[in-house]
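Report on the following structure.
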Amino acid sequence: MIDSLHIIGSRQMGGAERFFARLVTALNEQEHNAVAMIRPKSPLRSVLRREIRQTHVSMRNGWDVLSLRSIRRFIRNERPRIVQTYMGRATRLTRLPANSPSIHVARLGGYYKIKGYYEHPHAWVGNTKGLCDYLIGNGMPSGRVYCIGNFVEVHRPIAAQQLENLRQSLTMPHDAIILFTLGRFNYQKGYEDLLKAFSLLPHRIESRPVRLLIAGDGPLGAALRSEAHHLNIDDRTIWLGWQDDPSPYFEMADIFVCSSRHETLGNVILEAWSHRLPVIATDAPGPAELINDGENGILTSRRDPEDLARAIHRLTSGGDQLRSYLAENAMKTLLTNHTRQAILGRYLAMYDELEKKIF
């Protein structure tokens, strides 16, 4: 018997996809039979462990009737207890057969359009309070809207020699202060603001050279590289490309910077915290929920490179004590609210509760 079927229709890896993989894996490790339904060429095919059952559906853009029928046929034949969809495409194409014993849960990680996409599930999960308020404000019944955050694994430190080899491969000065950022190159992530902020910083702080590592890819890649050249920061900026496993760069960095203009939650912040890394983030909705300014991170104004530059300078020139204080408090927040055990328990409790409410 399938306990839950998890459906996602995206083509590329990002925060939502990494969480999808973590949750499906964690459920199966709890002897909960969770099956992944993904696109045939999804990078999740290689990310998910071999013992996790996968099924593949094209889930093309728009109203893909063939995929809609394939999803419905699978649910009719396999009769999973829970069908959990992620983001708009999978949710729109998932229509339970008549008299189905399954329960449809839509999990949202953004302020997506509700009409035509999200009215038909039985229940909804928002990963922040702000997102749950948005769902209820758009007419979803509050008794079936659940606020369940994301979790990340706490990472073990990487061997010093491995990090030293990585530094050498990047021709990184041994005493450099390293700023790290990660994400898709689009307008929402605000990388133009980060590049401008970095250009306002001195080349050396506390007699140490400052370097910016950027991992990611996306439609604005060429424009961002051109902007870095225009700002004359080419020699201090390192473009890493997309990294399926960014852990070594988190470990090597001194500070993680999230410059988003819009961010619903901020998985990258949780990932940075899991590496005991202090975080500077803009006051987008998600980071503003996660971070208590000055306690477990530093918040700056969105679309304000000058404010971001001041925050970076403050943290880079404040010495190890301030950075350690923020990182320690961030780890406490992570272990209190965003562990695998806590989040997994909330999902399993929700599934049981919905069965009692609906059937």
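By convention here, the chains of the structure tokens are called A, B, ... in the order presented, each chain's residues are numbered starting at 1, and ligands are numbered starting at 1 in the order presented.
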
Could you give me, as JSON lines, every region 47-131 of chain A residue with an atom at most 10 Å from region 15-28 of chain A, plus its closest atom pair and distance in Å to one decimal, counting only C-alpha atoms, rows ordered by chain then number?
{"residue": "A:Val47", "atom": "CA", "partner": "A:Ala21", "partner_atom": "CA", "distance": 7.3}
{"residue": "A:Leu48", "atom": "CA", "partner": "A:Ala21", "partner_atom": "CA", "distance": 6.1}
{"residue": "A:Arg49", "atom": "CA", "partner": "A:Thr25", "partner_atom": "CA", "distance": 7.6}
{"residue": "A:Glu51", "atom": "CA", "partner": "A:Asn28", "partner_atom": "CA", "distance": 9.3}
{"residue": "A:Ile52", "atom": "CA", "partner": "A:Thr25", "partner_atom": "CA", "distance": 7.4}
{"residue": "A:Arg53", "atom": "CA", "partner": "A:Asn28", "partner_atom": "CA", "distance": 9.9}
{"residue": "A:Thr85", "atom": "CA", "partner": "A:Phe20", "partner_atom": "CA", "distance": 9.9}
{"residue": "A:Tyr86", "atom": "CA", "partner": "A:Ala16", "partner_atom": "CA", "distance": 8.0}
{"residue": "A:Met87", "atom": "CA", "partner": "A:Ala16", "partner_atom": "CA", "distance": 8.6}
{"residue": "A:Leu108", "atom": "CA", "partner": "A:Ala16", "partner_atom": "CA", "distance": 9.2}
{"residue": "A:Gly109", "atom": "CA", "partner": "A:Ala16", "partner_atom": "CA", "distance": 7.1}
{"residue": "A:Gly110", "atom": "CA", "partner": "A:Ala16", "partner_atom": "CA", "distance": 9.7}

Once you have the residues from the selection above, write them out as a compact mmCIF listing (two decimals), in the first residue's frame, restricted to C-alpha atoms.
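Done, and the output landed in part-v8.txt:
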# COMPACT_ATOMS: atom_id res chain seq x y z
CA VAL A 47 18.97 12.74 -6.44
CA LEU A 48 16.39 10.36 -4.94
CA ARG A 49 17.82 7.17 -3.52
CA GLU A 51 15.19 2.26 -3.08
CA ILE A 52 12.59 5.05 -3.30
CA ARG A 53 9.97 4.19 -5.87
CA THR A 85 1.38 18.05 -4.78
CA TYR A 86 4.07 20.72 -4.94
CA MET A 87 3.66 24.03 -6.80
CA LEU A 108 2.85 25.70 -1.36
CA GLY A 109 6.25 27.31 -1.08
CA GLY A 110 5.27 30.64 -2.61

Enumerate, in order of chain and increasing residue number, the residues of region 23-137 of chain A with an atom no farther than 10 Å from region 149-172 of chain A, each with its shortest atom pair and distance in Å to one decimal, counting only C-alpha atoms, as a Markdown table.
| residue | atom | partner | partner_atom | distance |
| --- | --- | --- | --- | --- |
| A:Leu23 | CA | A:Phe151 | CA | 8.4 |
| A:Gly109 | CA | A:Gly149 | CA | 9.4 |
| A:Val125 | CA | A:Gly149 | CA | 8.9 |
| A:Gly126 | CA | A:Gly149 | CA | 7.5 |
| A:Asn127 | CA | A:Gly149 | CA | 4.3 |
| A:Thr128 | CA | A:Gly149 | CA | 6.2 |
| A:Lys129 | CA | A:Gly149 | CA | 9.0 |

Can you spit out the residues from that selection as a PDB file, in the first residue's frame, using N, CA and C atoms?
ATOM      1  N   LEU A  23      12.027  15.343   2.124  1.00  0.00           N
ATOM      2  CA  LEU A  23      10.805  14.877   2.784  1.00  0.00           C
ATOM      3  C   LEU A  23      10.457  13.454   2.357  1.00  0.00           C
ATOM      4  N   GLY A 109       5.034  26.676  -1.562  1.00  0.00           N
ATOM      5  CA  GLY A 109       6.249  27.314  -1.084  1.00  0.00           C
ATOM      6  C   GLY A 109       6.367  28.738  -1.593  1.00  0.00           C
ATOM      7  N   VAL A 125      -0.856  23.146   2.682  1.00  0.00           N
ATOM      8  CA  VAL A 125       0.271  23.379   3.580  1.00  0.00           C
ATOM      9  C   VAL A 125       1.016  24.611   3.093  1.00  0.00           C
ATOM     10  N   GLY A 126       1.199  25.572   3.997  1.00  0.00           N
ATOM     11  CA  GLY A 126       2.063  26.716   3.727  1.00  0.00           C
ATOM     12  C   GLY A 126       3.285  26.609   4.622  1.00  0.00           C
ATOM     13  N   ASN A 127       4.450  26.946   4.093  1.00  0.00           N
ATOM     14  CA  ASN A 127       5.655  26.761   4.913  1.00  0.00           C
ATOM     15  C   ASN A 127       6.019  27.985   5.753  1.00  0.00           C
ATOM     16  N   THR A 128       5.161  29.014   5.739  1.00  0.00           N
ATOM     17  CA  THR A 128       5.324  30.154   6.645  1.00  0.00           C
ATOM     18  C   THR A 128       3.939  30.609   7.100  1.00  0.00           C
ATOM     19  N   LYS A 129       3.908  31.340   8.188  1.00  0.00           N
ATOM     20  CA  LYS A 129       2.647  31.896   8.672  1.00  0.00           C
ATOM     21  C   LYS A 129       2.065  32.879   7.662  1.00  0.00           C
TER      22      LYS A 129
END

DSSP says strand (DSSP E) for which residues of region 36-184 of chain A? Put them as a PDB file with C-alpha atoms, in the first residue's frame?
ATOM      1  CA  ALA A  36       7.738  10.167  -5.989  1.00  0.00           C
ATOM      2  CA  MET A  37       5.999  11.173  -9.225  1.00  0.00           C
ATOM      3  CA  ILE A  38       8.300  13.409 -11.273  1.00  0.00           C
ATOM      4  CA  GLN A  54       9.607   6.659  -8.726  1.00  0.00           C
ATOM      5  CA  THR A  55       7.009   7.013 -11.443  1.00  0.00           C
ATOM      6  CA  HIS A  56       7.337   9.440 -14.354  1.00  0.00           C
ATOM      7  CA  ILE A  82      -2.373  10.899   0.645  1.00  0.00           C
ATOM      8  CA  VAL A  83      -1.609  12.661  -2.637  1.00  0.00           C
ATOM      9  CA  GLN A  84       0.662  15.620  -1.953  1.00  0.00           C
ATOM     10  CA  THR A  85       1.377  18.053  -4.779  1.00  0.00           C
ATOM     11  CA  TYR A  86       4.066  20.718  -4.944  1.00  0.00           C
ATOM     12  CA  ILE A 103      -6.785  12.868   0.211  1.00  0.00           C
ATOM     13  CA  HIS A 104      -5.240  15.643  -1.868  1.00  0.00           C
ATOM     14  CA  VAL A 105      -2.872  17.980   0.007  1.00  0.00           C
ATOM     15  CA  ALA A 106      -1.355  20.938  -1.861  1.00  0.00           C
ATOM     16  CA  ARG A 107       1.957  22.098  -0.449  1.00  0.00           C
ATOM     17  CA  LEU A 108       2.847  25.704  -1.362  1.00  0.00           C
ATOM     18  CA  ALA A 123      -6.097  20.666   2.418  1.00  0.00           C
ATOM     19  CA  TRP A 124      -3.188  23.047   2.022  1.00  0.00           C
ATOM     20  CA  VAL A 125       0.271  23.379   3.580  1.00  0.00           C
ATOM     21  CA  GLY A 126       2.063  26.716   3.727  1.00  0.00           C
ATOM     22  CA  VAL A 145      -4.670  25.107   6.202  1.00  0.00           C
ATOM     23  CA  TYR A 146      -1.563  23.832   7.988  1.00  0.00           C
ATOM     24  CA  CYS A 147       1.614  25.791   8.702  1.00  0.00           C
ATOM     25  CA  ILE A 177      37.000  36.769   4.209  1.00  0.00           C
ATOM     26  CA  ILE A 178      34.577  34.747   2.113  1.00  0.00           C
ATOM     27  CA  LEU A 179      30.999  35.818   1.411  1.00  0.00           C
ATOM     28  CA  PHE A 180      28.819  33.106  -0.097  1.00  0.00           C
ATOM     29  CA  THR A 181      25.429  33.185  -1.825  1.00  0.00           C
ATOM     30  CA  LEU A 182      23.406  30.554  -3.640  1.00  0.00           C
ATOM     31  CA  GLY A 183      20.301  30.503  -5.808  1.00  0.00           C
ATOM     32  CA  ARG A 184      18.686  30.885  -9.192  1.00  0.00           C
TER      33      ARG A 184
END

Practice item. Rank A:Val268, A:Ile205, A:Val257, A:Met1 by their smallest atom-to-atom distance to Leu308 (chain A), using only C-alpha atoms, and report the top residue only. Key: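 Closest candidate: A:Val257.
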
Review point. What's the 8 Å shell around Arg89 (chain A), counting only C-alpha atoms, without same-chain residues fewer than 6 positions away, as a PyMOL selection string?
Key: chain A and resi 8-10+59+61-62+117

Check your understanding: How many Å separate CA of Leu200 (chain A) from CA of Glu306 (chain A)?
Key ->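 Here the two named atoms are 7.5 Å from each other.
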
Review point. Between A:Arg60, A:Ile214, A:His275, A:Leu135, which one has atoms that come closest to Ile238 (chain A), using only C-alpha atoms?
Key: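 Of A:Arg60, A:Ile214, A:His275, A:Leu135, the one nearest Ile238 (chain A) is A:Ile214, counting only C-alpha atoms.
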